[in-house]
$ cat structure.cif   # mmCIF, C-alpha atoms and all ligand atoms
data_protein
#
loop_
_atom_site.label_atom_id
_atom_site.label_comp_id
_atom_site.auth_asym_id
_atom_site.auth_seq_id
_atom_site.Cartn_x
_atom_site.Cartn_y
_atom_site.Cartn_z
CA MET K 120 0.00 0.00 0.00
CA THR K 121 1.65 3.19 -1.10
CA GLY K 122 0.51 6.72 -1.58
CA MET K 123 -1.25 7.14 1.69
CA ILE K 124 0.28 8.26 4.91
CA GLU K 125 -0.43 5.18 6.88
CA LYS K 126 0.18 5.47 10.57
CA ASN K 127 1.60 7.65 13.27
CA THR K 128 4.74 6.48 14.98
CA ARG K 129 4.35 5.97 18.69
CA LYS K 130 7.31 8.17 19.59
CA ASN K 131 6.04 11.32 17.96
CA PRO K 132 2.44 11.52 16.87
CA ASP K 133 3.29 14.31 14.42
CA VAL K 134 5.74 12.12 12.51
CA LEU K 135 4.03 10.12 9.81
CA GLN K 136 5.40 6.91 8.43
CA THR K 137 4.74 5.66 4.96
CA GLU K 138 6.13 3.21 2.43
CA GLY K 139 7.54 4.04 -0.97
CA MET K 140 10.13 3.36 -3.62
CA ILE K 141 13.49 5.05 -4.05
CA ILE K 142 13.58 6.42 -7.57
CA LYS K 143 16.89 8.26 -7.32
CA GLY K 144 19.73 8.81 -4.91
CA VAL K 145 22.02 11.78 -5.25
CA GLY K 146 24.36 13.60 -2.90
CA GLY K 147 23.14 11.97 0.29
CA PHE K 148 19.48 12.47 -0.60
CA TYR K 149 17.02 9.84 -1.67
CA TYR K 150 13.94 10.65 -3.68
CA VAL K 151 11.15 8.39 -2.55
CA GLU K 152 7.95 8.01 -4.50
CA CYS K 153 4.85 7.36 -2.42
CA GLY K 154 1.83 7.21 -4.70
CA ASP K 155 1.80 10.48 -6.59
CA ARG K 156 4.19 12.30 -4.25
CA VAL K 157 7.96 12.27 -4.22
CA TYR K 158 9.71 13.03 -0.94
CA GLU K 159 13.29 14.24 -0.70
CA CYS K 160 14.72 12.20 2.14
CA ARG K 161 17.92 11.91 4.08
CA ALA K 162 19.10 8.48 5.14
CA ARG K 163 19.05 8.35 8.92
CA GLY K 164 22.34 6.81 9.99
CA ALA K 165 23.30 3.32 8.88
CA LEU K 166 20.45 1.55 7.18
CA ARG K 167 19.86 -2.13 7.57
CA GLY K 168 18.26 -4.44 5.07
CA GLY K 169 15.16 -6.46 5.71
CA GLY K 170 16.91 -9.75 4.88
CA ALA K 171 17.83 -12.47 7.34
CA GLY K 172 21.14 -10.91 8.43
CA ARG K 173 19.78 -7.38 8.48
CA ALA K 174 23.20 -6.29 7.29
CA ARG K 175 24.03 -2.69 6.56
CA ILE K 176 22.98 -1.73 3.08
CA THR K 177 23.33 1.16 0.70
CA PRO K 178 19.92 2.18 -0.58
CA LEU K 179 19.49 1.81 -4.34
CA ALA K 180 17.02 3.03 -6.90
CA GLY K 181 14.26 0.42 -6.93
CA ASP K 182 14.44 -0.23 -3.20
CA ARG K 183 11.19 -0.21 -1.30
CA CYS K 184 11.53 1.62 1.98
CA VAL K 185 9.78 3.11 4.98
CA ILE K 186 10.14 6.85 5.42
CA SER K 187 9.22 9.30 8.17
CA VAL K 188 7.69 12.61 7.22
CA HIS K 189 8.02 15.32 9.85
CA PRO K 190 5.54 18.15 10.34
CA ASP K 191 8.05 20.67 8.95
CA GLY K 192 8.11 18.71 5.69
CA LEU K 193 11.50 17.09 6.28
CA ALA K 194 11.59 13.42 5.51
CA SER K 195 14.01 10.60 6.17
CA VAL K 196 14.48 7.00 5.09
CA ASP K 197 14.08 4.73 8.13
CA SER K 198 14.55 1.28 6.68
CA ILE K 199 14.91 -0.62 3.44
CA LEU K 200 12.49 -3.46 2.85
CA GLU K 201 13.69 -6.85 1.72
CA ARG K 202 15.06 -6.91 -1.82
CA ARG K 203 14.16 -9.40 -4.49
CA ASN K 204 17.51 -8.82 -6.18
CA PHE K 205 20.05 -6.11 -6.83
CA LEU K 206 22.77 -5.20 -9.27
CA LEU K 207 26.03 -3.44 -8.51
CA ARG K 208 26.44 -1.91 -11.91
CA PRO K 209 24.23 -0.21 -12.64
CA PRO K 210 23.15 0.18 -9.00
CA LEU K 211 19.54 -1.00 -9.02
CA ALA K 212 17.30 -3.07 -6.77
CA ASN K 213 14.21 -5.16 -7.45
CA LEU K 214 14.64 -5.26 -11.20
CA ASP K 215 11.93 -7.31 -12.94
CA VAL K 216 12.84 -7.12 -16.61
CA LEU K 217 16.10 -6.55 -18.46
CA PHE K 218 15.63 -5.53 -22.07
CA ILE K 219 18.71 -6.57 -23.99
CA VAL K 220 18.92 -4.30 -27.00
CA VAL K 221 20.87 -5.70 -29.92
CA SER K 222 21.32 -4.12 -33.34
CA LEU K 223 21.70 -6.12 -36.53
CA ARG K 224 24.33 -3.62 -37.78
CA ASP K 225 26.51 -0.79 -36.44
CA PRO K 226 27.43 -2.56 -34.21
CA PRO K 227 26.68 -6.10 -35.44
CA PRO K 228 25.14 -8.52 -32.94
CA ASN K 229 27.49 -10.14 -30.47
CA ALA K 230 26.02 -13.37 -29.12
CA LEU K 231 28.46 -13.58 -26.22
CA THR K 232 27.51 -10.11 -24.97
CA VAL K 233 23.82 -10.97 -25.21
CA ASP K 234 24.31 -14.33 -23.49
CA ARG K 235 26.36 -12.72 -20.72
CA PHE K 236 23.51 -10.31 -19.99
CA ILE K 237 20.98 -13.12 -20.14
CA SER K 238 23.00 -15.32 -17.79
CA LEU K 239 23.34 -12.61 -15.16
CA ALA K 240 19.66 -11.68 -15.48
CA GLU K 241 18.55 -15.29 -15.07
CA HIS K 242 20.84 -15.68 -12.09
CA LYS K 243 19.20 -12.69 -10.40
CA GLY K 244 15.65 -13.72 -11.25
CA ILE K 245 15.26 -10.91 -13.78
CA GLU K 246 13.34 -11.74 -16.96
CA PRO K 247 15.53 -11.12 -20.01
CA VAL K 248 13.72 -9.80 -23.10
CA ILE K 249 15.59 -9.39 -26.38
CA VAL K 250 14.90 -6.32 -28.51
CA ILE K 251 16.33 -6.33 -32.02
CA THR K 252 17.01 -2.96 -33.67
CA LYS K 253 18.19 -1.59 -37.03
CA LEU K 254 16.04 -4.02 -38.95
CA ASP K 255 15.94 -1.34 -41.66
CA LEU K 256 19.71 -1.66 -42.13
CA ALA K 257 20.13 -5.43 -42.30
CA GLU K 258 18.24 -8.71 -42.66
CA ASP K 259 17.90 -10.82 -39.56
CA SER K 260 19.57 -13.96 -40.78
CA GLY K 261 18.58 -15.99 -37.75
CA PHE K 262 19.81 -14.07 -34.71
CA GLY K 263 16.36 -13.52 -33.24
CA GLU K 264 15.47 -17.13 -33.95
CA ILE K 265 18.27 -18.39 -31.69
CA TYR K 266 16.60 -16.64 -28.76
CA ARG K 267 13.00 -17.43 -29.68
CA LYS K 268 14.00 -21.08 -29.89
CA ALA K 269 15.68 -20.91 -26.51
CA GLY K 270 12.43 -19.67 -24.97
CA PHE K 271 12.88 -15.91 -24.74
CA THR K 272 10.57 -13.12 -25.75
CA VAL K 273 12.13 -11.45 -28.79
CA ILE K 274 10.74 -8.12 -29.97
CA ASP K 275 11.61 -6.68 -33.39
CA ALA K 276 11.93 -2.90 -33.01
CA ASP K 277 11.21 -1.98 -36.60
CA TYR K 278 10.73 1.80 -36.62
CA THR K 279 9.63 1.69 -40.27
CA SER K 280 6.72 -0.64 -39.50
CA GLU K 281 3.28 0.84 -39.67
CA GLY K 282 1.93 1.90 -36.30
CA ARG K 283 5.17 0.81 -34.61
CA GLU K 284 3.32 -1.99 -32.88
CA PHE K 285 6.49 -3.15 -31.18
CA LEU K 286 6.24 -0.16 -28.84
CA GLY K 287 2.94 -1.51 -27.59
CA ALA K 288 4.52 -4.92 -27.08
CA ILE K 289 7.35 -3.40 -25.04
CA ARG K 290 4.94 -1.27 -22.99
CA GLY K 291 2.94 -4.40 -22.33
CA VAL K 292 5.99 -6.17 -20.90
CA MET K 293 6.86 -3.09 -18.82
CA LYS K 294 3.50 -2.65 -17.18
CA ASP K 295 3.86 -2.59 -13.38
CA LYS K 296 7.48 -3.72 -13.64
CA ILE K 297 10.87 -2.21 -12.92
CA CYS K 298 12.87 -2.44 -16.11
CA ALA K 299 16.26 -1.52 -17.52
CA PHE K 300 17.94 -1.56 -20.90
CA ALA K 301 21.26 -3.22 -21.57
CA GLY K 302 23.23 -3.51 -24.78
CA ASN K 303 26.30 -2.30 -26.59
CA THR K 304 26.90 1.37 -27.25
CA GLY K 305 25.11 2.30 -30.44
CA ALA K 306 22.61 -0.56 -30.21
CA GLY K 307 19.74 1.92 -29.93
CA LYS K 308 18.88 2.03 -26.23
CA SER K 309 18.43 5.81 -25.98
CA THR K 310 16.49 5.88 -29.25
CA LEU K 311 14.13 3.25 -27.87
CA LEU K 312 13.79 5.01 -24.54
CA ASN K 313 12.86 8.23 -26.35
CA ALA K 314 10.31 6.41 -28.50
CA LEU K 315 8.74 4.86 -25.40
CA CYS K 316 8.64 8.07 -23.37
CA PRO K 317 9.12 11.07 -25.63
CA GLY K 318 9.21 13.45 -22.66
CA LEU K 319 12.49 11.97 -21.53
CA ASP K 320 14.46 13.10 -24.60
CA ARG K 321 17.66 11.18 -23.97
CA GLU K 322 20.78 11.94 -25.94
CA THR K 323 21.27 9.51 -28.79
CA GLY K 324 24.49 8.69 -30.64
CA GLU K 325 25.01 11.91 -32.58
CA THR K 326 24.24 14.41 -29.84
CA SER K 327 26.43 12.72 -27.25
CA LYS K 328 29.30 12.67 -29.74
CA LYS K 329 28.77 16.33 -30.49
CA LEU K 330 28.93 17.21 -26.83
CA GLY K 331 32.07 15.12 -26.50
CA ARG K 332 30.69 13.12 -23.62
CA GLY K 333 32.67 10.04 -22.79
CA ARG K 334 31.38 6.62 -22.00
CA HIS K 335 31.57 7.21 -18.30
CA THR K 336 29.43 10.26 -17.79
CA THR K 337 28.53 10.09 -14.15
CA ARG K 338 24.84 10.41 -13.82
CA GLU K 339 22.90 8.75 -11.08
CA THR K 340 20.62 5.88 -11.90
CA GLU K 341 17.08 7.15 -11.95
CA LEU K 342 13.77 5.40 -12.38
CA PHE K 343 11.21 7.02 -14.65
CA SER K 344 7.52 6.21 -14.67
CA LEU K 345 5.86 5.34 -17.94
CA ASP K 346 2.37 6.67 -18.60
CA SER K 347 1.41 3.14 -19.61
CA GLY K 348 2.62 1.79 -16.26
CA GLY K 349 5.92 0.53 -15.01
CA LYS K 350 9.29 2.06 -14.31
CA ILE K 351 12.33 2.27 -16.47
CA ALA K 352 15.87 2.84 -15.25
CA ASP K 353 17.90 5.37 -17.14
CA THR K 354 21.31 3.86 -16.74
CA PRO K 355 24.20 5.38 -18.65
CA GLY K 356 26.60 2.84 -17.18
CA PHE K 357 24.77 -0.17 -18.49
CA SER K 358 26.05 -0.27 -22.04
CA SER K 359 28.30 -3.27 -21.92
CA PHE K 360 29.79 -5.57 -19.36
CA ASP K 361 32.94 -6.02 -21.41
CA GLY K 362 35.96 -4.96 -19.43
CA GLU K 363 33.98 -3.83 -16.43
CA PHE K 364 32.15 -6.93 -15.45
CA ALA K 365 31.50 -6.60 -11.78
CA GLU K 366 29.58 -9.78 -11.18
CA PHE K 367 30.02 -13.39 -12.15
CA VAL K 368 27.80 -16.39 -12.26
CA TYR K 369 29.97 -19.10 -10.76
CA LYS K 370 30.46 -22.37 -12.57
CA ASP K 371 28.13 -24.50 -10.42
CA GLU K 372 25.26 -22.15 -11.15
CA LEU K 373 26.07 -21.27 -14.74
CA ALA K 374 24.22 -24.09 -16.51
CA ASP K 375 21.01 -23.12 -14.71
CA THR K 376 21.22 -19.67 -16.31
CA PHE K 377 20.92 -21.25 -19.78
CA ARG K 378 17.23 -22.11 -19.62
CA GLU K 379 17.14 -24.37 -22.67
CA PHE K 380 19.67 -26.73 -21.03
CA ALA K 381 17.11 -27.70 -18.40
CA ASP K 382 15.43 -30.33 -20.57
CA PHE K 383 18.72 -32.15 -21.05
CA SER K 384 21.12 -31.51 -18.16
CA PRO K 385 19.33 -33.85 -15.70
CA LEU K 386 19.87 -36.69 -18.20
CA CYS K 387 23.67 -36.36 -18.38
CA ARG K 388 25.53 -39.54 -17.46
CA PHE K 389 27.63 -37.94 -14.72
CA THR K 390 26.35 -35.80 -11.91
CA GLY K 391 28.37 -32.62 -11.87
CA CYS K 392 28.73 -32.81 -15.67
CA SER K 393 30.09 -29.45 -16.85
CA HIS K 394 28.36 -29.82 -20.25
CA THR K 395 31.53 -28.72 -21.98
CA CYS K 396 33.27 -31.94 -23.10
CA GLU K 397 32.02 -35.00 -21.18
CA LYS K 398 31.04 -38.33 -22.69
CA GLY K 399 27.37 -39.00 -22.09
CA CYS K 400 26.53 -35.30 -21.85
CA GLU K 401 22.95 -34.85 -23.02
CA VAL K 402 23.40 -31.08 -23.42
CA LEU K 403 26.20 -31.70 -25.94
CA ALA K 404 24.05 -34.33 -27.65
CA ALA K 405 21.22 -31.81 -27.95
CA VAL K 406 23.66 -29.31 -29.47
CA SER K 407 24.75 -31.82 -32.09
CA ARG K 408 21.12 -32.65 -32.89
CA GLY K 409 20.44 -28.92 -33.31
CA GLU K 410 18.01 -28.81 -30.38
CA ILE K 411 20.23 -26.36 -28.51
CA SER K 412 21.82 -23.56 -30.58
CA ARG K 413 25.55 -23.96 -31.02
CA SER K 414 26.00 -20.23 -30.55
CA ARG K 415 24.35 -20.37 -27.13
CA HIS K 416 26.45 -23.35 -26.10
CA ASP K 417 29.63 -21.63 -27.33
CA SER K 418 28.81 -18.68 -25.06
CA TYR K 419 28.21 -21.08 -22.19
CA VAL K 420 31.65 -22.66 -22.68
CA THR K 421 33.33 -19.25 -22.87
CA LEU K 422 31.62 -18.10 -19.66
CA TYR K 423 32.41 -21.44 -18.01
CA ASN K 424 36.09 -21.09 -18.84
CA GLU K 425 36.11 -17.56 -17.44
CA VAL K 426 34.90 -18.70 -14.04
CA LYS K 427 36.06 -22.30 -13.75
CA ASP K 428 39.25 -21.49 -11.87
CA ILE K 429 37.75 -19.08 -9.37
CA LYS K 430 38.46 -20.52 -5.93
CA GLU K 431 36.14 -20.63 -2.95
CA TRP K 432 38.21 -18.07 -1.04
CA GLU K 433 38.06 -15.72 -4.01
CA LYS K 434 34.29 -16.03 -4.04
CA LYS K 435 34.18 -15.15 -0.36
CA ARG K 436 36.39 -12.13 -0.91
CA ALA K 437 34.22 -11.00 -3.83
CA ALA K 438 31.10 -11.42 -1.71
CA LYS K 439 32.59 -9.19 0.97
CA LEU K 440 33.30 -6.44 -1.53
CA ARG K 441 29.62 -6.20 -2.37
N1 LIG K 501 18.67 3.01 -39.00
C1 LIG K 501 18.47 2.87 -37.70
N2 LIG K 501 19.19 3.61 -36.84
C2 LIG K 501 18.96 3.45 -35.51
C3 LIG K 501 17.99 2.54 -35.02
N3 LIG K 501 18.02 2.61 -33.66
C4 LIG K 501 18.96 3.52 -33.34
N4 LIG K 501 19.53 4.04 -34.45
C5 LIG K 501 20.64 5.03 -34.52
O1 LIG K 501 21.80 4.43 -33.98
C6 LIG K 501 22.60 5.39 -33.30
C7 LIG K 501 22.85 4.92 -31.86
O2 LIG K 501 21.62 4.89 -31.17
P1 LIG K 501 21.50 5.19 -29.61
O3 LIG K 501 20.06 5.14 -29.28
O4 LIG K 501 22.23 6.43 -29.24
O5 LIG K 501 22.27 3.94 -29.03
P2 LIG K 501 22.69 3.62 -27.51
O6 LIG K 501 24.18 3.85 -27.43
O7 LIG K 501 22.38 2.17 -27.31
O8 LIG K 501 21.92 4.51 -26.61
C8 LIG K 501 21.84 6.69 -33.37
O9 LIG K 501 22.37 7.43 -34.45
C9 LIG K 501 20.41 6.26 -33.68
O10 LIG K 501 19.71 7.24 -34.40
C10 LIG K 501 17.24 1.76 -35.97
O11 LIG K 501 16.39 0.91 -35.63
N5 LIG K 501 17.52 1.98 -37.28
MG MG K 502 22.57 5.88 -25.19
ZN ZN K 503 26.22 -32.56 -19.46
#

$ encode --input "structure.cif" --output "structure tokens" --more "lines below"
Ligand SMILES: Nc1nc2c(ncn2[C@@H]2O[C@H](COP(=O)(O)OP(=O)(O)O)[C@@H](O)[C@H]2O)c(=O)[nH]1
Ligand SMILES: [Mg+2]
Ligand SMILES: [Zn+2]
Amino acid sequence: MTGMIEKNTRKNPDVLQTEGMIIKGVGGFYYVECGDRVYECRARGALRGGGAGRARITPLAGDRCVISVHPDGLASVDSILERRNFLLRPPLANLDVLFIVVSLRDPPPNALTVDRFISLAEHKGIEPVIVITKLDLAEDSGFGEIYRKAGFTVIDADYTSEGREFLGAIRGVMKDKICAFAGNTGAGKSTLLNALCPGLDRETGETSKKLGRGRHTTRETELFSLDSGGKIADTPGFSSFDGEFAEFVYKDELADTFREFADFSPLCRFTGCSHTCEKGCEVLAAVSRGEISRSRHDSYVTLYNEVKDIKEWEKKRAAKLR
């Protein structure tokens, strides 16, 4: 229940507590949306999460929280409610959908980049949705099909199509969800964002070049509301994981982030099969029969090799850094 001031705190009857969502954090302030109001709030001391350990946490855009509103209009964040998931880069909590934007040309599609995004999204319980752009510049010679076959929603963002029905399809997926766009620089994320919410008017390729902005413009992650329902994160830092990959899916969990393996992996001859080279591997058999795309399996093997030598102690150290 948001939007309404719900109850008085016992300590001070003039202080009202309510629940909302952080839509932006900047310079020690958090902007918390409660229904149709946004409160500028300070975080009150160290905040603790709602999870089992109630560890200290840094509030993120997307976090649900309880705030106190004082009679003089000042407001503060009291606590962060339990998160469904969170990402370090871009800093976002409770993401429902990750739109992976991939252009058929300029730049050409890179299956490994797409599969890396998908794997991380699946690992975090975020639904990956593939959006294909620049269909006016090149034929789709089967890229979208790889992902449709693997069980993903694939949306063709053809701006030349009559009525641009794909926008309706994307809005439909976004309804009541927290969403973000990922994809290589130049894939068409800002263009798509502008088409979905014209009021936002994000810089696209040409303008950002003209202004000489680099890749790492520091702007805070902010959630915008769509008129059609749902929230979209404007995340300048979410263009590509290459070279700045902050999070891994470890090898024991990796196969589970390739959803089309699920029909076959339980049938492998050996438990603990890595599905990379083993005799009696049913995933490999499905690849050779064409039931799993070779391109998807190639990405799996690449990601597996990246993480296979990470030791337990290194995992623990990485977990502490979070
Ligand atoms: N022809 C064509 N150009 C596009 C399409 N989508 C985006 N662009 C152009 O591609 C360039 C990069 O797009 P932009 O939205 O800035 O990509 P971003 O880096 O992912 O935000 C811009 O010049 C856009 O106008 C498309 O579907 N077709
Ligand atoms: Mg952009
Ligand atoms: Zn196997």

$ atom_distance --input "structure.cif" --atom1 "CA of Gln136 in chain K" --atom2 "CA of Ile176 in chain K"
20.3 Å

$ closest_atom_pairs --input "structure.cif" --of "chain K" --to "ligand MG 502 (chain K)" --cutoff "9 Å" --atoms "only C-alpha atoms and all ligand atoms" --output "tab-separated table"
residue	atom	partner	partner_atom	distance
K:Thr304	CA	K:MG502	MG	6.6
K:Gly305	CA	K:MG502	MG	6.8
K:Ala306	CA	K:MG502	MG	8.2
K:Gly307	CA	K:MG502	MG	6.8
K:Lys308	CA	K:MG502	MG	5.4
K:Ser309	CA	K:MG502	MG	4.2
K:Thr310	CA	K:MG502	MG	7.3
K:Leu312	CA	K:MG502	MG	8.8
K:Arg321	CA	K:MG502	MG	7.3
K:Glu322	CA	K:MG502	MG	6.4
K:Thr323	CA	K:MG502	MG	5.3
K:Gly324	CA	K:MG502	MG	6.4
K:Ser327	CA	K:MG502	MG	8.1
K:Thr354	CA	K:MG502	MG	8.8
K:Pro355	CA	K:MG502	MG	6.8
K:Ser358	CA	K:MG502	MG	7.7

$ atom_distance --input "structure.cif" --atom1 "CA of Glu284 in chain K" --atom2 "CA of Pro228 in chain K"
22.8 Å

$ closest_residue --input "structure.cif" --among "K:Ser238, K:Ala381, K:Arg290, K:Gly391" --to "Ser344 in chain K" --atoms "all atoms listed in the file"
K:Arg290

$ axis_aligned_box --input "structure.cif" --around "range 316-322 of chain K" --padding-each-side "3 Å" --output "AutoDock Vina command-line options"
--center_x 14.7 --center_y 10.8 --center_z -23.7 --size_x 18.1 --size_y 11.4 --size_z 10.4

$ closest_residue --input "structure.cif" --among "K:Leu319, K:Leu239, K:Ile411, K:Val157" --to "Phe383 in chain K" --atoms "all atoms listed in the file"
K:Ile411

$ residues_around --input "structure.cif" --residues "Asn204 in chain K" --least-positions-apart "5" --cutoff "7 Å" --atoms "all atoms listed in the file" --output "PyMOL selection string"
chain K and resi 212-214+243

$ residues_near_ligand --input "structure.cif" --ligand "ligand ZN 503 (chain K)" --cutoff "9 Å" --atoms "all atoms listed in the file" --output "PyMOL selection string"
chain K and resi 380+383-404

$ atom_distance --input "structure.cif" --atom1 "atom C2 of ligand LIG 501 (chain K)" --atom2 "CA of Phe343 in chain K"
22.5 Å

$ residues_around --input "structure.cif" --residues "Phe148 in chain K" --least-positions-apart "4" --cutoff "8 Å" --atoms "only C-alpha atoms" --output "list of chain:residue names"
K:Gly144, K:Glu159, K:Cys160, K:Arg161, K:Ala162
